[in-house]
Amino acid sequence: MTIPTNGGAQSPNLDNQRLSAQLELKNRALAATDEGITIADLSLPDNPLIYVNAGFERLTGYSAAEVIGRNCRFLQGPGGNPQTVDILRSAVRERRAVTVQLLNYRKNGAPFWNRLSITPVSDATGVVTHFIGVQSDVTVEREATDALREANERLRAASEAMRLNLQAAEAVQRSLLPAQLPHVPGMNFAFKFRPCHDVGGDCLNILRLDDRHLGVYILDVSGHGVAAALLSVTLSHMLSVIPDRSFLYRASGDCPGGYRISSPVEVVTRLNQHFLQNPGPLQYFTMIYGILDQVTAKFRYVSAGHLSPIHFPYGHAPRIRETGGIPAGLLSQAKYEEHTIVLSPGDRLYLGTDGIMEAESASGDEYGLDRMLATLGQCSALPLAESLTVLMDAIEEWSVPVGPADDASMLIIERCA
Ligand SMILES: Cc1cc2nc3c(=O)[nH]c(=O)nc-3n(C[C@H](O)[C@H](O)[C@H](O)COP(=O)(O)O)c2cc1C
């Protein structure tokens, strides 16, 4: 089919031969293009097509003879978007150009996504007489975009579900922290726990073992996130005050109630053996477990590769106390040794996890032991909870903008002055 020439502007100076050569070239160019090209006549009722190129015939499967004289809406069918058709209708009515994507059907009934641009064409007097339409098959791009959008939506939903799960896990983990610490005449206790993700691998508690003794532990599971939190939750169950399921007691016929308190060495050794006999994913933990005698203020403890306790004797310089041992869950022959700290009136004992000292500044410097001791020294006259807030705020500020990269926890025992 050739492009109609009646009504087209012609230069009176061009001779007929040149004019027909030019038209021939235009017709060949229009026939060669992959895009569908159509012309609708606005002077005829219902704006019928008066020209379609070969590209349109290939795209739709309709021959020119089948479609000339019809409005191009015959390509539409079920599942189309009425709002897109409204946009086209308004553009034709208002003689404006517009580009839309709409669902069309080929002659054989196969659907395809048509990117349609229609542009008004004016005559010499400026009156819009025709519309030219350009149709492109964008089914592949459209399906890829739709698939990407759906994949993004699924990803967003999955990440939201994961966020909610983490929140729930965090609530479970927080519920295992001491709701309130024991009230012991002559002693004060405080703690702070700051997981670096929603859930963390640090865990701590002070438990009343009997009328005289308190069990104190702080532990740090390797790694952080859900796996570390799950292990710390398991450990907090093993370190409970329910004798028949706790590692803190041993069955003993000689003792009232049938149980005696396990020594710190027994507790840590048993935990180490338990995790070596029941290997899960490669995880280990460092910990300090100790027993505080309320009457003598003597703290007997064992360290499994944990950070040294920091003892602030009242009015004196801080002392970094004995640590050692191998993290639990690594080596079956690991031997653990008991150490003792006696708290005099006014003394404080700090048990922390390494997330505090290892908090890094933007330039990569660690907060470090010296800065921590200086901060704790400045807070020595503050109530315990306040001094912990000062310390945590200081490391938070140090590690701006991301915050500490590991869980950071601290527990303080004070013998009242
Ligand atoms: C030049 C031109 C080409 C068009 N090509 C198509 C097309 O390929 N597919 C389609 O669904 N509609 C096409 N249309 C739009 C319809 O012809 C019609 O304008 C649209 O369906 C809105 O009007 P209606 O509500 O009267 O159907 C074209 C319109 C013009 C002016």
# chains A, B, ... in the order shown; residues from 1 in each chain; ligands from 1
$ residues_near_ligand --ligand "ligand 1" --cutoff "8 Å" --atoms "only C-alpha atoms and all ligand atoms" --output "count of residues only"
35
$ closest_atom_pairs --of "range 224-274 of chain A" --to "range 337-341 of chain A" --cutoff "10 Å" --atoms "only C-alpha atoms" --output "Markdown table"
| residue | atom | partner | partner_atom | distance |
| --- | --- | --- | --- | --- |
| A:Ser263 | CA | A:Glu338 | CA | 9.0 |
| A:Pro264 | CA | A:Glu338 | CA | 7.1 |
| A:Val265 | CA | A:Glu338 | CA | 6.4 |
| A:Val268 | CA | A:Glu337 | CA | 9.8 |
| A:Thr269 | CA | A:Glu337 | CA | 9.9 |
$ write_last_selection --atoms "C-alpha atoms" --output "PDB file, in the first residue's frame"
ATOM      1  CA  SER A 263      31.069 -24.224  91.670  1.00  0.00           C
ATOM      2  CA  PRO A 264      31.976 -21.755  88.887  1.00  0.00           C
ATOM      3  CA  VAL A 265      34.552 -24.245  87.524  1.00  0.00           C
ATOM      4  CA  VAL A 268      31.810 -23.526  82.887  1.00  0.00           C
ATOM      5  CA  THR A 269      33.370 -26.986  82.414  1.00  0.00           C
TER       6      THR A 269
END
$ closest_atom_pairs --of "range 130-247 of chain A" --to "range 289-310 of chain A" --cutoff "6 Å" --atoms "only C-alpha atoms" --output "tab-separated table"
residue	atom	partner	partner_atom	distance
A:Arg212	CA	A:Gln294	CA	5.7
A:His213	CA	A:Asp293	CA	4.9
A:Leu214	CA	A:Leu292	CA	5.1
A:Gly215	CA	A:Ile291	CA	4.7
A:Val216	CA	A:Gly290	CA	5.2
A:Tyr217	CA	A:Tyr289	CA	4.4
$ residues_around --residues "Ser262 in chain A" --least-positions-apart "4" --cutoff "7 Å" --atoms "only C-alpha atoms" --output "ChimeraX atom specification"
/A:248-250,266-267
$ write_last_selection --atoms "C-alpha atoms" --output "mmCIF file, in the first residue's frame"
data_model
loop_
_atom_site.group_PDB
_atom_site.id
_atom_site.type_symbol
_atom_site.label_atom_id
_atom_site.label_comp_id
_atom_site.auth_asym_id
_atom_site.auth_seq_id
_atom_site.Cartn_x
_atom_site.Cartn_y
_atom_site.Cartn_z
ATOM 1 C CA LEU A 248 24.035 -23.955 88.173
ATOM 2 C CA TYR A 249 23.071 -26.855 90.472
ATOM 3 C CA ARG A 250 24.052 -30.502 90.931
ATOM 4 C CA GLU A 266 31.872 -26.971 87.381
ATOM 5 C CA VAL A 267 29.403 -24.695 85.583
#
$ atom_distance --atom1 "CA of Thr139 in chain A" --atom2 "CA of Ala97 in chain A"
22.4 Å
$ select_by_dssp --residues "range 311-414 of chain A" --states "strand (DSSP E)" --output "PDB file with C-alpha atoms, in the first residue's frame"
ATOM      1  CA  HIS A 311      37.782  -3.743  89.695  1.00  0.00           C
ATOM      2  CA  PHE A 312      37.508  -0.140  90.889  1.00  0.00           C
ATOM      3  CA  ARG A 319      42.657  -2.905  88.490  1.00  0.00           C
ATOM      4  CA  ILE A 320      42.303  -5.170  85.497  1.00  0.00           C
ATOM      5  CA  GLU A 338      38.799 -20.063  89.715  1.00  0.00           C
ATOM      6  CA  HIS A 339      39.768 -16.500  90.733  1.00  0.00           C
ATOM      7  CA  THR A 340      38.535 -14.434  93.652  1.00  0.00           C
ATOM      8  CA  ILE A 341      37.840 -10.738  94.081  1.00  0.00           C
ATOM      9  CA  VAL A 342      36.834  -9.406  97.477  1.00  0.00           C
ATOM     10  CA  ARG A 348      32.770  -1.443  92.039  1.00  0.00           C
ATOM     11  CA  LEU A 349      33.267  -4.399  89.732  1.00  0.00           C
ATOM     12  CA  TYR A 350      32.576  -4.037  85.999  1.00  0.00           C
ATOM     13  CA  LEU A 351      31.914  -7.047  83.776  1.00  0.00           C
ATOM     14  CA  GLY A 352      31.586  -6.133  80.107  1.00  0.00           C
ATOM     15  CA  ALA A 408      27.904  -4.096  73.784  1.00  0.00           C
ATOM     16  CA  SER A 409      26.892  -5.047  77.323  1.00  0.00           C
ATOM     17  CA  MET A 410      28.049  -4.158  80.818  1.00  0.00           C
ATOM     18  CA  LEU A 411      27.077  -5.313  84.274  1.00  0.00           C
ATOM     19  CA  ILE A 412      28.176  -3.576  87.505  1.00  0.00           C
ATOM     20  CA  ILE A 413      28.313  -4.863  91.053  1.00  0.00           C
ATOM     21  CA  GLU A 414      28.869  -2.291  93.798  1.00  0.00           C
TER      22      GLU A 414
END
$ residues_around --residues "Gly346 in chain A" --least-positions-apart "5" --cutoff "9 Å" --atoms "only C-alpha atoms" --output "list of chain:residue names"
A:Phe312, A:Pro313, A:Tyr314, A:Gly315, A:Glu414, A:Arg415, A:Cys416, A:Ala417
$ write_last_selection --atoms "N, CA and C atoms" --output "tab-separated table (two decimals), in the first residue's frame"
chain	number	residue	atom	x	y	z
A	312	PHE	N	37.21	-1.52	90.46
A	312	PHE	CA	37.51	-0.14	90.89
A	312	PHE	C	37.49	-0.11	92.42
A	313	PRO	N	38.65	-0.36	93.08
A	313	PRO	CA	38.65	-0.26	94.55
A	313	PRO	C	38.34	1.19	94.92
A	314	TYR	N	37.57	1.37	95.96
A	314	TYR	CA	37.10	2.71	96.33
A	314	TYR	C	38.29	3.65	96.55
A	315	GLY	N	38.31	4.77	95.82
A	315	GLY	CA	39.35	5.78	96.00
A	315	GLY	C	40.69	5.41	95.39
A	414	GLU	N	28.27	-3.28	92.88
A	414	GLU	CA	28.87	-2.29	93.80
A	414	GLU	C	28.60	-2.73	95.23
A	415	ARG	N	29.66	-2.66	96.04
A	415	ARG	CA	29.43	-2.84	97.48
A	415	ARG	C	29.27	-1.45	98.07
A	416	CYS	N	28.14	-1.22	98.73
A	416	CYS	CA	27.86	0.15	99.18
A	416	CYS	C	28.94	0.62	100.15
A	417	ALA	N	29.23	1.93	100.07
A	417	ALA	CA	30.29	2.50	100.95
A	417	ALA	C	29.78	2.55	102.38
$ atom_distance --atom1 "CA of Gly186 in chain A" --atom2 "CA of Ser240 in chain A"
24.2 Å
$ residues_around --residues "range 365-375 of chain A" --least-positions-apart "3" --cutoff "9 Å" --atoms "only C-alpha atoms" --output "list in words"
Ile310, Pro318, Ile356, Met357, Glu358, Ala359, Glu360, Ser361, Ala362, Gln378, Cys379, Ser380, Ser387, Val390, Leu391, Ala394, Ile395, Trp398 and Ser399 of chain A
$ closest_atom_pairs --of "range 193-303 of chain A" --to "range 162-185 of chain A" --cutoff "10 Å" --atoms "only C-alpha atoms" --output "JSON lines"
{"residue": "A:Phe193", "atom": "CA", "partner": "A:Leu177", "partner_atom": "CA", "distance": 8.6}
{"residue": "A:Pro195", "atom": "CA", "partner": "A:Glu170", "partner_atom": "CA", "distance": 9.0}
{"residue": "A:His197", "atom": "CA", "partner": "A:Leu166", "partner_atom": "CA", "distance": 9.0}
{"residue": "A:Asp198", "atom": "CA", "partner": "A:Glu170", "partner_atom": "CA", "distance": 5.8}
{"residue": "A:Val199", "atom": "CA", "partner": "A:Glu170", "partner_atom": "CA", "distance": 4.9}
{"residue": "A:Gly200", "atom": "CA", "partner": "A:Glu170", "partner_atom": "CA", "distance": 8.0}
{"residue": "A:Gly201", "atom": "CA", "partner": "A:Gln173", "partner_atom": "CA", "distance": 9.4}
{"residue": "A:Asp202", "atom": "CA", "partner": "A:Gln173", "partner_atom": "CA", "distance": 9.7}
{"residue": "A:Cys203", "atom": "CA", "partner": "A:Leu177", "partner_atom": "CA", "distance": 7.3}
{"residue": "A:Leu204", "atom": "CA", "partner": "A:Leu177", "partner_atom": "CA", "distance": 6.8}
{"residue": "A:Asn205", "atom": "CA", "partner": "A:Pro178", "partner_atom": "CA", "distance": 5.9}
{"residue": "A:Ile206", "atom": "CA", "partner": "A:Leu181", "partner_atom": "CA", "distance": 6.5}
{"residue": "A:Leu207", "atom": "CA", "partner": "A:Pro182", "partner_atom": "CA", "distance": 7.2}
{"residue": "A:Arg208", "atom": "CA", "partner": "A:Pro182", "partner_atom": "CA", "distance": 7.1}
{"residue": "A:Arg212", "atom": "CA", "partner": "A:Val184", "partner_atom": "CA", "distance": 9.6}
{"residue": "A:Leu214", "atom": "CA", "partner": "A:Pro182", "partner_atom": "CA", "distance": 8.7}
{"residue": "A:Gly225", "atom": "CA", "partner": "A:Leu166", "partner_atom": "CA", "distance": 8.9}
{"residue": "A:Val226", "atom": "CA", "partner": "A:Leu166", "partner_atom": "CA", "distance": 7.6}
{"residue": "A:Ala229", "atom": "CA", "partner": "A:Gln173", "partner_atom": "CA", "distance": 7.2}
{"residue": "A:Leu230", "atom": "CA", "partner": "A:Gln173", "partner_atom": "CA", "distance": 8.5}
{"residue": "A:Ser232", "atom": "CA", "partner": "A:Gln173", "partner_atom": "CA", "distance": 8.4}
{"residue": "A:Val233", "atom": "CA", "partner": "A:Gln173", "partner_atom": "CA", "distance": 6.5}
{"residue": "A:Ser236", "atom": "CA", "partner": "A:Leu176", "partner_atom": "CA", "distance": 7.2}
{"residue": "A:His237", "atom": "CA", "partner": "A:Leu176", "partner_atom": "CA", "distance": 8.8}
{"residue": "A:Gln294", "atom": "CA", "partner": "A:Val184", "partner_atom": "CA", "distance": 7.5}
{"residue": "A:Val295", "atom": "CA", "partner": "A:Pro185", "partner_atom": "CA", "distance": 9.7}
